[in-house]
Amino acid sequence: MKVTTHYLHKLEELFAESDYILRYEKGSFKSGWCVLNDTKVILVNAFYPLEGKVNSLIEILRSVKLDTQKFSDKSKKLYYEVTQLEIELPKGKE
């Protein structure tokens, strides 16, 4: 997985096809993001660099259950790839 603006847009499209609303807001989130489950709103720190935004969206995708029935075939494939990815730990942290 390469961290690019194009990849970020692909992840954002997943949320656009879901019931959740993705917003970038300034704030003092310690984790960089928060999910308001009752209103299905996801807030990501707008000041995060590109890599931080991508990592936050991947982490959110793994922690929130999305209804994939509304997804396009491309989005379904990306969703399953992202949620099945193994996180590679640096050596010595296994």
# chains A, B, ... in the order shown; residues from 1 in each chain; ligands from 1
>>> residues_around(residues="Gly52 (chain A)", least_positions_apart="5", cutoff="9 Å", atoms="only C-alpha atoms", output="number ranges by chain")
A: 32, 45, 57
>>> select_by_dssp(residues="chain A", states="helix (DSSP H, G or I)", output="VMD selection string")
chain A and resid 5 to 16 50 to 63 68 to 70 73 to 84
>>> write_last_selection(atoms="N, CA and C atoms", output="short mmCIF file (atom, residue, chain, number, x, y, z; two decimals), in the first residue's frame")
data_model
loop_
_atom_site.label_atom_id
_atom_site.label_comp_id
_atom_site.auth_asym_id
_atom_site.auth_seq_id
_atom_site.Cartn_x
_atom_site.Cartn_y
_atom_site.Cartn_z
N THR A 5 -2.27 10.69 -2.40
CA THR A 5 -3.54 11.42 -2.39
C THR A 5 -4.62 10.61 -3.09
N HIS A 6 -4.25 9.91 -4.17
CA HIS A 6 -5.20 9.07 -4.90
C HIS A 6 -5.76 7.97 -3.99
N TYR A 7 -4.90 7.34 -3.21
CA TYR A 7 -5.33 6.29 -2.29
C TYR A 7 -6.26 6.87 -1.21
N LEU A 8 -5.93 8.06 -0.72
CA LEU A 8 -6.79 8.73 0.26
C LEU A 8 -8.19 8.95 -0.33
N HIS A 9 -8.25 9.39 -1.58
CA HIS A 9 -9.55 9.62 -2.23
C HIS A 9 -10.34 8.32 -2.38
N LYS A 10 -9.64 7.22 -2.66
CA LYS A 10 -10.31 5.93 -2.76
C LYS A 10 -10.92 5.53 -1.42
N LEU A 11 -10.18 5.77 -0.33
CA LEU A 11 -10.71 5.47 1.00
C LEU A 11 -11.90 6.37 1.33
N GLU A 12 -11.82 7.63 0.94
CA GLU A 12 -12.92 8.57 1.18
C GLU A 12 -14.18 8.14 0.42
N GLU A 13 -13.99 7.56 -0.77
CA GLU A 13 -15.13 7.08 -1.55
C GLU A 13 -15.87 5.95 -0.83
N LEU A 14 -15.12 5.12 -0.09
CA LEU A 14 -15.76 4.06 0.69
C LEU A 14 -16.77 4.66 1.68
N PHE A 15 -16.34 5.71 2.36
CA PHE A 15 -17.24 6.34 3.33
C PHE A 15 -18.39 7.06 2.63
N ALA A 16 -18.13 7.61 1.45
CA ALA A 16 -19.19 8.29 0.70
C ALA A 16 -20.29 7.30 0.29
N LEU A 50 -0.87 13.68 5.22
CA LEU A 50 -1.48 12.68 4.36
C LEU A 50 -1.40 11.27 4.94
N GLU A 51 -0.23 10.87 5.40
CA GLU A 51 -0.05 9.53 5.96
C GLU A 51 -0.94 9.32 7.19
N GLY A 52 -1.06 10.33 8.03
CA GLY A 52 -1.90 10.23 9.21
C GLY A 52 -3.36 10.08 8.86
N LYS A 53 -3.82 10.80 7.83
CA LYS A 53 -5.21 10.69 7.40
C LYS A 53 -5.50 9.30 6.84
N VAL A 54 -4.60 8.79 6.00
CA VAL A 54 -4.78 7.46 5.42
C VAL A 54 -4.80 6.40 6.53
N ASN A 55 -3.84 6.47 7.44
CA ASN A 55 -3.79 5.50 8.54
C ASN A 55 -5.03 5.59 9.42
N SER A 56 -5.52 6.80 9.66
CA SER A 56 -6.73 6.97 10.46
C SER A 56 -7.94 6.34 9.77
N LEU A 57 -8.08 6.56 8.47
CA LEU A 57 -9.22 6.00 7.74
C LEU A 57 -9.16 4.48 7.72
N ILE A 58 -7.97 3.91 7.57
CA ILE A 58 -7.82 2.46 7.60
C ILE A 58 -8.20 1.92 8.98
N GLU A 59 -7.74 2.59 10.01
CA GLU A 59 -8.07 2.17 11.38
C GLU A 59 -9.58 2.24 11.63
N ILE A 60 -10.21 3.29 11.12
CA ILE A 60 -11.66 3.43 11.28
C ILE A 60 -12.38 2.33 10.52
N LEU A 61 -11.94 2.05 9.29
CA LEU A 61 -12.57 0.98 8.50
C LEU A 61 -12.52 -0.36 9.22
N ARG A 62 -11.47 -0.58 9.96
CA ARG A 62 -11.32 -1.85 10.68
C ARG A 62 -12.14 -1.88 11.96
N SER A 63 -12.54 -0.73 12.48
CA SER A 63 -13.25 -0.70 13.75
C SER A 63 -14.75 -0.46 13.61
N THR A 68 -21.79 -3.23 3.16
CA THR A 68 -21.13 -3.29 1.85
C THR A 68 -22.11 -3.54 0.71
N GLN A 69 -23.38 -3.74 0.99
CA GLN A 69 -24.35 -3.98 -0.07
C GLN A 69 -24.52 -2.77 -0.98
N LYS A 70 -24.25 -1.59 -0.46
CA LYS A 70 -24.38 -0.36 -1.24
C LYS A 70 -23.11 -0.04 -2.03
N ASP A 73 -18.48 -2.52 -6.99
CA ASP A 73 -17.57 -3.66 -6.97
C ASP A 73 -16.15 -3.23 -6.61
N LYS A 74 -15.71 -2.08 -7.14
CA LYS A 74 -14.37 -1.57 -6.83
C LYS A 74 -14.24 -1.27 -5.34
N SER A 75 -15.26 -0.65 -4.79
CA SER A 75 -15.24 -0.29 -3.38
C SER A 75 -15.26 -1.52 -2.49
N LYS A 76 -16.05 -2.53 -2.87
CA LYS A 76 -16.07 -3.78 -2.10
C LYS A 76 -14.69 -4.41 -2.06
N LYS A 77 -14.04 -4.45 -3.21
CA LYS A 77 -12.71 -5.05 -3.29
C LYS A 77 -11.73 -4.29 -2.39
N LEU A 78 -11.74 -2.96 -2.47
CA LEU A 78 -10.84 -2.16 -1.63
C LEU A 78 -11.16 -2.35 -0.16
N TYR A 79 -12.44 -2.38 0.19
CA TYR A 79 -12.85 -2.55 1.59
C TYR A 79 -12.31 -3.87 2.15
N TYR A 80 -12.48 -4.94 1.39
CA TYR A 80 -12.01 -6.25 1.86
C TYR A 80 -10.49 -6.30 1.91
N GLU A 81 -9.81 -5.65 0.98
CA GLU A 81 -8.35 -5.60 1.03
C GLU A 81 -7.87 -4.86 2.27
N VAL A 82 -8.48 -3.72 2.54
CA VAL A 82 -8.06 -2.89 3.68
C VAL A 82 -8.35 -3.59 5.00
N THR A 83 -9.51 -4.20 5.11
CA THR A 83 -9.86 -4.82 6.39
C THR A 83 -9.14 -6.14 6.62
N GLN A 84 -8.58 -6.74 5.58
CA GLN A 84 -7.85 -8.00 5.73
C GLN A 84 -6.34 -7.81 5.81
#
>>> atom_distance(atom1="CA of Cys34 (chain A)", atom2="CA of Ile21 (chain A)")
12.0 Å
>>> atom_distance(atom1="CA of Arg23 (chain A)", atom2="CA of Lys2 (chain A)")
22.5 Å
>>> atom_distance(atom1="CA of Thr4 (chain A)", atom2="CA of Thr39 (chain A)")
29.2 Å
>>> select_by_dssp(residues="chain A", states="strand (DSSP E or B)", output="list in words")
Ile21, Leu22, Arg23, Tyr24, Glu25, Trp33, Cys34, Val35, Leu36, Val41, Ile42, Leu43, Val44 and Asn45 of chain A
>>> write_last_selection(atoms="C-alpha atoms", output="short mmCIF file (atom, residue, chain, number, x, y, z; two decimals), in the first residue's frame")
data_model
loop_
_atom_site.label_atom_id
_atom_site.label_comp_id
_atom_site.auth_asym_id
_atom_site.auth_seq_id
_atom_site.Cartn_x
_atom_site.Cartn_y
_atom_site.Cartn_z
CA ILE A 21 -20.42 11.01 6.92
CA LEU A 22 -16.69 11.71 6.83
CA ARG A 23 -15.57 15.18 7.86
CA TYR A 24 -12.17 16.75 8.33
CA GLU A 25 -12.24 19.16 11.26
CA TRP A 33 -10.08 10.84 14.78
CA CYS A 34 -13.34 10.02 16.51
CA VAL A 35 -16.56 8.29 15.51
CA LEU A 36 -19.92 9.58 16.63
CA VAL A 41 -20.32 10.92 11.66
CA ILE A 42 -16.57 10.35 11.49
CA LEU A 43 -14.28 13.24 12.34
CA VAL A 44 -10.65 13.20 11.28
CA ASN A 45 -8.14 15.83 12.36
#
